[in-house]
$ cat work26.cif   # mmCIF, C-alpha atoms and all ligand atoms
data_target
loop_
_atom_site.label_atom_id
_atom_site.label_comp_id
_atom_site.auth_asym_id
_atom_site.auth_seq_id
_atom_site.Cartn_x
_atom_site.Cartn_y
_atom_site.Cartn_z
CA MET A 5 0.00 0.00 0.00
CA PRO A 6 2.07 2.97 -1.24
CA VAL A 7 -0.20 5.70 0.25
CA LYS A 8 -2.12 5.53 3.50
CA ILE A 9 -3.40 7.93 6.13
CA LYS A 10 -3.05 7.41 9.87
CA ILE A 11 -5.53 9.47 11.88
CA GLU A 12 -3.64 10.87 14.89
CA LYS A 13 -6.53 12.74 16.48
CA LYS A 14 -10.17 13.63 15.91
CA GLU A 15 -11.22 17.13 16.93
CA LYS A 16 -13.75 16.92 19.74
CA HIS A 17 -16.45 19.28 18.38
CA THR A 18 -16.21 18.80 14.58
CA ARG A 19 -15.42 16.17 11.94
CA ALA A 20 -11.87 17.55 11.63
CA ARG A 21 -8.97 15.08 11.91
CA LEU A 22 -5.25 15.36 12.33
CA GLY A 23 -3.40 12.78 10.23
CA LYS A 24 -0.13 11.56 8.77
CA LEU A 25 -0.21 10.71 5.06
CA THR A 26 2.53 8.21 4.18
CA THR A 27 3.78 8.16 0.57
CA PRO A 28 6.82 6.64 -1.25
CA HIS A 29 8.42 10.11 -1.11
CA GLY A 30 7.86 10.74 2.57
CA GLU A 31 5.23 11.44 5.16
CA VAL A 32 3.20 14.66 5.38
CA GLU A 33 0.87 16.06 8.04
CA THR A 34 -2.82 16.51 7.26
CA PRO A 35 -4.90 18.61 6.87
CA ILE A 36 -2.58 19.75 4.12
CA PHE A 37 -2.60 22.48 1.48
CA MET A 38 -0.83 21.35 -1.71
CA PRO A 39 0.68 24.13 -3.87
CA VAL A 40 -0.20 23.77 -7.55
CA GLY A 41 2.66 23.25 -10.00
CA THR A 42 0.61 22.65 -13.15
CA GLN A 43 3.55 22.57 -15.58
CA ALA A 44 6.05 20.92 -13.20
CA THR A 45 6.78 24.15 -11.37
CA VAL A 46 5.04 26.15 -8.67
CA LYS A 47 5.17 29.30 -10.73
CA THR A 48 8.17 31.57 -9.97
CA MET A 49 9.34 29.36 -7.07
CA THR A 50 12.37 27.07 -6.79
CA PRO A 51 11.65 23.77 -4.98
CA GLU A 52 13.70 25.09 -2.03
CA GLU A 53 11.48 28.17 -1.84
CA VAL A 54 8.32 26.04 -1.96
CA LYS A 55 9.69 24.01 0.96
CA GLU A 56 10.71 27.17 2.81
CA THR A 57 7.11 28.43 2.66
CA GLY A 58 5.95 25.11 4.16
CA GLY A 59 4.95 23.26 1.01
CA ARG A 60 5.43 19.48 1.36
CA LEU A 61 3.34 17.90 -1.42
CA VAL A 62 2.94 19.56 -4.81
CA LEU A 63 0.46 19.05 -7.62
CA SER A 64 1.01 18.76 -11.32
CA ASN A 65 -1.32 18.17 -14.22
CA THR A 66 -1.57 15.35 -16.74
CA TYR A 67 -3.25 17.46 -19.43
CA HIS A 68 -0.56 20.15 -19.43
CA LEU A 69 2.46 17.83 -19.15
CA TYR A 70 1.10 15.54 -21.87
CA LEU A 71 0.89 18.51 -24.25
CA ARG A 72 4.22 20.00 -23.13
CA PRO A 73 6.91 18.61 -22.81
CA GLY A 74 5.23 15.17 -23.24
CA HIS A 75 5.04 12.31 -20.72
CA ASP A 76 7.60 10.26 -22.66
CA LEU A 77 10.18 13.03 -22.22
CA VAL A 78 9.47 13.28 -18.48
CA LYS A 79 9.79 9.48 -18.21
CA GLU A 80 13.11 9.64 -20.10
CA ALA A 81 14.27 12.31 -17.62
CA GLY A 82 13.70 9.82 -14.80
CA GLY A 83 10.14 10.84 -13.91
CA LEU A 84 8.54 13.99 -12.56
CA HIS A 85 10.46 14.07 -9.23
CA LYS A 86 13.81 14.05 -11.04
CA PHE A 87 12.64 16.32 -13.86
CA MET A 88 11.46 19.10 -11.52
CA ASN A 89 13.97 18.38 -8.74
CA TRP A 90 11.26 17.81 -6.12
CA ASP A 91 12.08 15.05 -3.62
CA GLY A 92 8.80 15.20 -1.72
CA PRO A 93 5.44 13.67 -2.65
CA ILE A 94 3.70 14.68 -5.89
CA LEU A 95 0.06 14.29 -6.94
CA THR A 96 -1.02 14.51 -10.56
CA ASP A 97 -4.53 15.41 -11.55
CA SER A 98 -5.95 13.42 -14.45
CA GLY A 99 -6.78 16.37 -16.63
CA GLY A 100 -10.49 15.48 -16.41
CA PHE A 101 -11.26 19.00 -15.32
CA GLN A 102 -9.12 20.62 -17.98
CA VAL A 103 -10.47 18.73 -20.98
CA PHE A 104 -14.05 19.33 -19.81
CA SER A 105 -13.25 23.01 -19.34
CA LEU A 106 -12.21 23.30 -22.99
CA GLY A 107 -15.90 23.71 -23.87
CA PRO A 108 -16.49 23.58 -27.64
CA LEU A 109 -12.92 22.36 -28.12
CA ARG A 110 -13.90 18.89 -26.85
CA THR A 111 -16.22 16.00 -27.70
CA ILE A 112 -17.23 13.49 -25.05
CA THR A 113 -17.99 9.84 -25.87
CA GLU A 114 -18.15 6.73 -23.71
CA GLU A 115 -14.72 5.76 -25.02
CA GLY A 116 -13.10 9.05 -24.00
CA VAL A 117 -12.76 12.75 -24.80
CA GLU A 118 -11.53 14.17 -28.08
CA PHE A 119 -10.14 17.65 -27.55
CA ARG A 120 -8.10 20.28 -29.29
CA SER A 121 -4.97 21.56 -27.59
CA HIS A 122 -5.38 25.07 -26.14
CA ILE A 123 -1.83 25.67 -27.37
CA ASP A 124 -1.89 24.87 -31.09
CA GLY A 125 -5.37 23.46 -31.77
CA SER A 126 -3.99 19.98 -32.50
CA LYS A 127 -6.42 17.07 -31.96
CA HIS A 128 -5.99 14.59 -29.07
CA PHE A 129 -8.02 11.78 -27.54
CA PHE A 130 -7.97 11.02 -23.80
CA THR A 131 -9.34 7.72 -22.62
CA PRO A 132 -9.04 6.39 -19.06
CA GLU A 133 -6.38 3.97 -20.33
CA LYS A 134 -4.40 6.77 -22.04
CA VAL A 135 -4.53 8.96 -18.94
CA MET A 136 -3.27 6.07 -16.79
CA GLU A 137 -0.40 5.54 -19.24
CA ILE A 138 0.51 9.23 -18.92
CA GLU A 139 0.24 9.37 -15.12
CA GLN A 140 2.25 6.17 -14.67
CA ALA A 141 4.95 7.59 -16.95
CA LEU A 142 5.06 10.83 -14.95
CA GLY A 143 5.45 8.79 -11.77
CA ALA A 144 3.67 10.90 -9.14
CA ASP A 145 3.01 9.29 -5.76
CA ILE A 146 -0.73 9.86 -6.15
CA ALA A 147 -2.55 9.73 -9.50
CA MET A 148 -6.16 10.86 -9.90
CA ALA A 149 -8.61 8.82 -11.97
CA PHE A 150 -10.02 10.24 -15.21
CA ASP A 151 -13.38 11.75 -14.32
CA GLU A 152 -16.12 13.93 -15.77
CA CYS A 153 -16.78 17.10 -13.84
CA ALA A 154 -20.35 18.36 -14.32
CA PRO A 155 -20.62 22.14 -14.66
CA TYR A 156 -22.57 24.35 -12.24
CA PRO A 157 -25.43 24.83 -12.68
CA CYS A 158 -26.52 21.77 -14.62
CA GLU A 159 -29.65 19.64 -14.99
CA LYS A 160 -29.79 16.68 -12.62
CA GLU A 161 -29.83 14.34 -15.63
CA TYR A 162 -26.49 15.77 -16.76
CA ALA A 163 -25.00 15.23 -13.30
CA VAL A 164 -26.31 11.63 -13.31
CA ALA A 165 -24.73 10.93 -16.69
CA ALA A 166 -21.41 12.47 -15.60
CA LEU A 167 -21.26 10.51 -12.34
CA GLU A 168 -22.16 7.26 -14.09
CA ARG A 169 -19.44 7.82 -16.67
CA THR A 170 -17.02 8.77 -13.90
CA THR A 171 -17.74 5.43 -12.20
CA ARG A 172 -17.28 3.44 -15.41
CA TRP A 173 -14.08 5.33 -16.21
CA ALA A 174 -12.79 4.76 -12.66
CA GLU A 175 -13.19 1.00 -13.21
CA ARG A 176 -11.27 1.29 -16.49
CA CYS A 177 -8.51 3.28 -14.76
CA LYS A 178 -8.24 0.74 -11.96
CA ARG A 179 -8.08 -2.14 -14.45
CA VAL A 180 -4.98 -0.78 -16.21
CA HIS A 181 -3.25 0.92 -13.28
CA LYS A 182 -0.28 -1.34 -12.49
CA ARG A 183 2.35 0.91 -10.91
CA GLU A 184 2.87 -0.44 -7.38
CA ASP A 185 4.60 2.70 -6.04
CA GLN A 186 1.74 4.97 -7.12
CA ALA A 187 -1.67 5.28 -5.45
CA LEU A 188 -4.71 5.73 -7.69
CA PHE A 189 -7.47 7.89 -6.13
CA GLY A 190 -11.06 7.77 -7.33
CA ILE A 191 -12.96 11.04 -7.75
CA ILE A 192 -16.49 11.51 -6.41
CA GLN A 193 -18.85 13.53 -8.60
CA GLY A 194 -22.61 14.17 -8.45
CA GLY A 195 -22.85 17.95 -8.76
CA VAL A 196 -24.74 19.66 -5.92
CA PHE A 197 -27.29 16.82 -5.55
CA PRO A 198 -26.86 15.01 -2.21
CA ASP A 199 -28.44 11.78 -3.47
CA LEU A 200 -26.11 11.72 -6.48
CA ARG A 201 -23.09 12.47 -4.31
CA GLU A 202 -24.03 9.53 -2.08
CA ARG A 203 -24.48 7.28 -5.11
CA SER A 204 -21.14 8.32 -6.66
CA ALA A 205 -19.36 7.83 -3.33
CA LYS A 206 -20.83 4.37 -2.73
CA GLU A 207 -20.00 3.17 -6.24
CA LEU A 208 -16.38 4.35 -5.87
CA LEU A 209 -16.04 3.16 -2.26
CA ALA A 210 -16.98 -0.30 -3.52
CA MET A 211 -13.81 -0.20 -5.67
CA ASP A 212 -11.69 0.34 -2.55
CA PHE A 213 -9.37 3.11 -3.77
CA PRO A 214 -6.66 4.14 -1.24
CA GLY A 215 -8.03 7.68 -1.25
CA TYR A 216 -10.76 9.84 -2.76
CA GLY A 217 -10.97 13.17 -4.51
CA ILE A 218 -14.15 15.18 -4.15
CA GLY A 219 -14.52 16.75 -7.58
CA GLY A 220 -17.12 19.00 -9.11
CA LEU A 221 -17.22 21.50 -6.24
CA SER A 222 -16.00 25.08 -6.20
CA VAL A 223 -17.07 25.28 -9.82
CA GLY A 224 -19.19 28.41 -9.40
CA GLU A 225 -21.75 27.28 -6.83
CA PRO A 226 -22.29 29.43 -3.70
CA LYS A 227 -19.89 28.45 -0.91
CA GLU A 228 -22.80 27.62 1.40
CA LEU A 229 -24.04 25.08 -1.16
CA MET A 230 -20.58 23.47 -1.30
CA TYR A 231 -20.60 23.24 2.50
CA GLU A 232 -24.07 21.65 2.44
CA VAL A 233 -22.92 19.01 -0.06
CA LEU A 234 -19.93 18.24 2.17
CA ASP A 235 -22.17 18.03 5.26
CA GLN A 236 -24.15 15.28 3.56
CA LEU A 237 -21.24 13.51 1.87
CA MET A 238 -18.53 13.37 4.52
CA PRO A 239 -20.41 11.17 7.05
CA ILE A 240 -20.42 8.27 4.56
CA MET A 241 -16.72 8.56 3.76
CA PRO A 242 -14.46 5.92 5.35
CA GLU A 243 -12.45 7.24 8.29
CA ASP A 244 -9.23 5.53 7.18
CA LYS A 245 -8.97 6.97 3.67
CA PRO A 246 -7.76 10.48 2.73
CA ARG A 247 -10.40 12.94 1.51
CA TYR A 248 -9.14 15.46 -1.05
CA LEU A 249 -11.35 18.44 -1.90
CA MET A 250 -10.13 19.29 -5.40
CA GLY A 251 -9.32 22.85 -6.37
CA VAL A 252 -10.28 24.37 -3.00
CA GLY A 253 -9.60 26.98 -1.88
CA SER A 254 -9.61 30.34 -0.24
CA PRO A 255 -8.74 30.65 3.48
CA ASP A 256 -12.38 30.51 4.60
CA CYS A 257 -13.06 27.42 2.42
CA LEU A 258 -9.99 25.68 3.81
CA ILE A 259 -11.20 26.15 7.40
CA GLU A 260 -14.78 25.14 6.55
CA GLY A 261 -13.52 22.08 4.65
CA VAL A 262 -11.34 20.94 7.56
CA VAL A 263 -14.27 21.38 9.96
CA ARG A 264 -16.21 18.96 7.72
CA GLY A 265 -13.47 16.32 7.62
CA VAL A 266 -11.43 17.17 4.52
CA ASP A 267 -7.74 16.16 4.70
CA MET A 268 -6.23 17.52 1.45
CA PHE A 269 -6.66 20.74 -0.51
CA ASP A 270 -5.16 22.34 -3.58
CA CYS A 271 -5.89 25.67 -5.20
CA VAL A 272 -4.28 27.96 -7.76
CA LEU A 273 -5.68 31.01 -5.92
CA PRO A 274 -2.69 31.90 -3.69
CA THR A 275 -0.18 31.76 -6.54
CA ARG A 276 -2.54 33.19 -9.18
CA ILE A 277 -3.61 36.29 -7.23
CA ALA A 278 0.01 36.82 -6.21
CA ARG A 279 0.91 37.24 -9.88
CA ASN A 280 -1.82 39.87 -10.09
CA GLY A 281 -0.26 41.76 -7.17
CA THR A 282 -2.83 40.70 -4.55
CA VAL A 283 -1.85 39.09 -1.25
CA PHE A 284 -3.67 37.53 1.70
CA THR A 285 -3.12 39.30 5.01
CA HIS A 286 -4.56 38.72 8.49
CA ASN A 287 -6.89 41.63 7.74
CA GLY A 288 -8.11 40.24 4.42
CA LYS A 289 -6.76 40.71 0.89
CA LEU A 290 -4.47 43.61 -0.08
CA THR A 291 -3.68 44.62 -3.64
CA VAL A 292 -0.18 45.91 -3.19
CA ARG A 293 -0.01 47.28 -6.75
CA ASN A 294 -2.60 49.96 -5.84
CA ALA A 295 -1.46 53.60 -5.73
CA GLU A 296 -2.33 53.91 -2.05
CA TYR A 297 0.74 51.78 -1.22
CA ALA A 298 3.23 53.88 -3.24
CA ARG A 299 4.72 55.44 -0.08
CA ASP A 300 3.69 52.72 2.39
CA PHE A 301 6.95 51.46 3.89
CA ARG A 302 5.34 48.77 6.08
CA PRO A 303 5.51 45.07 5.22
CA MET A 304 2.58 43.59 3.28
CA ASP A 305 1.33 41.90 6.47
CA GLN A 306 2.67 43.21 9.77
CA GLN A 307 1.85 39.88 11.48
CA CYS A 308 3.76 37.82 8.92
CA ASP A 309 7.33 36.53 9.31
CA CYS A 310 7.83 35.30 5.73
CA TYR A 311 10.97 36.26 3.76
CA ALA A 312 9.07 38.94 1.82
CA CYS A 313 7.52 40.58 4.90
CA ARG A 314 10.78 40.47 6.84
CA ASN A 315 12.78 42.23 4.13
CA TYR A 316 10.63 44.39 1.85
CA SER A 317 8.00 47.12 2.03
CA ARG A 318 4.70 47.50 0.24
CA ALA A 319 6.19 50.48 -1.60
CA TYR A 320 9.11 48.46 -2.91
CA ILE A 321 6.99 45.47 -3.96
CA ARG A 322 4.49 47.80 -5.63
CA HIS A 323 7.40 49.43 -7.51
CA LEU A 324 8.62 46.01 -8.70
CA ILE A 325 5.18 44.97 -9.89
CA LYS A 326 4.47 48.26 -11.62
CA THR A 327 7.78 47.99 -13.50
CA ASP A 328 7.23 44.29 -14.35
CA GLU A 329 10.25 43.29 -12.31
CA ILE A 330 9.92 39.51 -11.80
CA LEU A 331 11.10 39.77 -8.19
CA GLY A 332 7.80 41.49 -7.40
CA ILE A 333 5.54 38.51 -8.15
CA ARG A 334 8.11 36.18 -6.62
CA LEU A 335 7.80 38.06 -3.32
CA THR A 336 4.00 38.11 -3.40
CA THR A 337 4.01 34.38 -4.23
CA ILE A 338 6.38 33.60 -1.36
CA HIS A 339 4.10 35.54 0.97
CA ASN A 340 0.83 33.94 -0.17
CA LEU A 341 2.19 30.40 -0.01
CA HIS A 342 3.63 31.12 3.45
CA PHE A 343 0.32 32.64 4.56
CA ILE A 344 -1.72 29.59 3.52
CA GLN A 345 0.77 27.11 5.00
CA HIS A 346 0.84 29.10 8.24
CA LEU A 347 -2.98 28.98 8.28
CA MET A 348 -2.85 25.17 7.86
CA GLN A 349 -0.30 24.95 10.69
CA ASN A 350 -2.64 26.95 12.95
CA ILE A 351 -5.59 24.77 11.92
CA ARG A 352 -3.65 21.60 12.78
CA GLN A 353 -2.72 23.08 16.17
CA ALA A 354 -6.35 24.03 16.79
CA ILE A 355 -7.35 20.41 16.10
CA ARG A 356 -4.71 19.19 18.57
CA GLU A 357 -6.19 21.51 21.22
CA ASP A 358 -9.90 20.85 20.33
CA ARG A 359 -10.52 24.54 19.68
CA LEU A 360 -11.06 24.55 15.89
CA LEU A 361 -14.45 26.31 16.09
CA GLU A 362 -12.97 29.08 18.23
CA TYR A 363 -10.07 29.38 15.77
CA ARG A 364 -12.51 29.58 12.84
CA GLU A 365 -14.46 32.36 14.54
CA ASP A 366 -11.37 34.37 15.48
CA PHE A 367 -9.70 34.02 12.06
CA LEU A 368 -12.79 34.81 9.96
CA LYS A 369 -13.83 37.73 12.18
CA VAL A 370 -10.63 39.56 11.28
CA PHE A 371 -10.01 38.13 7.80
CA ASN A 372 -13.53 38.85 6.51
CA ALA A 373 -13.60 42.28 8.15
CA GLY A 374 -10.61 43.27 6.02
N1 LIG B 401 -12.61 22.80 -7.82
C1 LIG B 401 -12.77 22.47 -9.19
C2 LIG B 401 -12.01 21.27 -9.63
C3 LIG B 401 -10.62 21.31 -9.76
C4 LIG B 401 -9.93 20.21 -10.21
C5 LIG B 401 -8.43 20.27 -10.27
S1 LIG B 401 -7.84 21.31 -11.54
C6 LIG B 401 -6.14 21.29 -11.37
C7 LIG B 401 -5.44 20.26 -10.74
C8 LIG B 401 -4.06 20.29 -10.70
C9 LIG B 401 -3.36 21.33 -11.28
C10 LIG B 401 -4.06 22.37 -11.88
C11 LIG B 401 -5.45 22.35 -11.92
C12 LIG B 401 -10.64 19.04 -10.59
N2 LIG B 401 -9.95 17.96 -11.09
C13 LIG B 401 -10.65 16.86 -11.45
N3 LIG B 401 -9.99 15.81 -11.96
N4 LIG B 401 -12.00 16.77 -11.31
C14 LIG B 401 -12.74 17.79 -10.82
O1 LIG B 401 -13.97 17.67 -10.69
C15 LIG B 401 -12.05 19.00 -10.45
C16 LIG B 401 -12.73 20.13 -9.95
#
$ encode --input "work26.cif" --output "structure tokens" --more "lines below"
Ligand SMILES: NCc1cc(CSc2ccccc2)c2nc(N)[nH]c(=O)c2c1
Amino acid sequence: MPVKIKIEKKEKHTRARLGKLTTPHGEVETPIFMPVGTQATVKTMTPEEVKETGGRLVLSNTYHLYLRPGHDLVKEAGGLHKFMNWDGPILTDSGGFQVFSLGPLRTITEEGVEFRSHIDGSKHFFTPEKVMEIEQALGADIAMAFDECAPYPCEKEYAVAALERTTRWAERCKRVHKREDQALFGIIQGGVFPDLRERSAKELLAMDFPGYGIGGLSVGEPKELMYEVLDQLMPIMPEDKPRYLMGVGSPDCLIEGVVRGVDMFDCVLPTRIARNGTVFTHNGKLTVRNAEYARDFRPMDQQCDCYACRNYSRAYIRHLIKTDEILGIRLTTIHNLHFIQHLMQNIRQAIREDRLLEYREDFLKVFNAG
């Protein structure tokens, strides 16, 4: 069993759990936030800098790496760990979300998805078998099954068809997945319909995957609706398997997800908004590129001890961003990754001390007031 979770402690007043996730490339603490490195890099960061911010498990993406540089090249380089010089655990998403997000550039059949590359318009065909070939060549510690993510909103019939196909494709993935040192996770779909979520979960639980992604959420639905779906879904999830809420999320969603029993999170938000000159602070978001910070010589967040906040002012970082100096978005990225990892560290401590609800209240009171 290459990947397993050991629950160290359950929080007394919520479904939150403190765990240790063991993988072939080391053990990580959960709940965990996984920085996204879509094209085999957490944008603008060296692996050492990702580690310095607290990152321990990074994500990459099958769709992107298949298109460029190609999974055969990555395999020839010795696999994704060697290629990107990351010695910790890696998870690859199956690309299910990407190819379905291509809209008119893709055609779905039972066999698989024909799509045109967003880069050069060339035609490609992803089947569950092809995606497993790619992910096994990349060699991540955790590989996600090829799924169909229903859009929000969508008719219930659409969500039924997508979850049924997701189940059939999960079986096809499992049948051809042979790599012993790689864990294959199933992905639960079902849109925002509690009965469909339960059905998708039960069908995938019957296949006994070592862990489960919860897909199809944070796709435009109101946050409260996502929380409701989790409230109904999480009680039927096995205690001894990791639960990974895919593509989530902002600080408030991370806390709310942990309260409901989620162990793993990923989101492009911290790194993406950093490149737009926006950072998380303990008083909410701050867009450091705004004119009001031109002569503000304080750090971005006066409560933060990250490299950027210890050494540079808002005025300097604004100057760098306004002049397209690459150091600017590197500093905002360092800060945002540090901020999120520090939040996860505080959440794990709050679970240890059975005070997660108090922590949620205190954090959101200040963060949302900002
Ligand atoms: N929160 C939306 C979301 C995000 C991702 C991940 S997108 C991603 C992953 C890694 C790197 C970059 C983007 C998803 N992936 C799959 N396979 N299925 C989903 O339903 C889904 C939903």
$ residues_around --input "work26.cif" --residues "region 142-155 of chain A" --least-positions-apart "5" --cutoff "8 Å" --atoms "only C-alpha atoms" --output "ChimeraX atom specification"
/A:6-7,27-29,75,78-79,83-85,93-101,104,131-132,135-136,162-163,166-167,169-171,173-174,177,185-191,193-195,217,219-220,223
$ residues_around --input "work26.cif" --residues "region 37-44 of chain A" --least-positions-apart "4" --cutoff "10 Å" --atoms "all atoms listed in the file" --output "PyMOL selection string"
chain A and resi 33+48-49+54+58-73+78+84-85+87-90+93-97+248+251-253+258+267-276+341+344-345+347-349
$ atom_distance --input "work26.cif" --atom1 "CA of Val46 (chain A)" --atom2 "CA of Ile277 (chain A)"
13.4 Å
$ closest_residue --input "work26.cif" --among "A:Arg120, A:Lys227, A:His181, A:Lys369" --to "ligand LIG 401 (chain B)" --atoms "all atoms listed in the file"
A:Lys227
$ axis_aligned_box --input "work26.cif" --around "ligand LIG 401 (chain B)" --padding-each-side "6 Å" --output "lines of an AutoDock Vina configuration file"
center_x = -8.7
center_y = 19.3
center_z = -9.9
size_x = 22.6
size_y = 19.0
size_z = 16.1
$ residues_near_point --input "work26.cif" --point "(-14.5, 16.8, 7.6)" --cutoff "7 Å" --atoms "only C-alpha atoms" --output "count of residues only"
9
$ atom_distance --input "work26.cif" --atom1 "atom C2 of ligand LIG 401 (chain B)" --atom2 "CA of Glu159 (chain A)"
18.5 Å
$ atom_distance --input "work26.cif" --atom1 "CA of Ile11 (chain A)" --atom2 "CA of Phe197 (chain A)"
28.8 Å
$ closest_residue --input "work26.cif" --among "A:Thr111, A:Thr57, A:Gln236, A:Ser121" --to "Cys310 (chain A)" --atoms "all atoms listed in the file"
A:Thr57
$ closest_residue --input "work26.cif" --among "A:Glu232, A:Asp366, A:Glu225, A:Asp244" --to "ligand LIG 401 (chain B)" --atoms "only C-alpha atoms and all ligand atoms"
A:Glu225
$ residues_around --input "work26.cif" --residues "region 322-327 of chain A" --least-positions-apart "3" --cutoff "7 Å" --atoms "only C-alpha atoms" --output "number ranges by chain"
A: 281, 292-293, 298, 318-319, 331-333
$ closest_residue --input "work26.cif" --among "A:Pro226, A:Pro214, A:Gly92, A:Gly116" --to "Arg176 (chain A)" --atoms "all atoms listed in the file"
A:Gly116
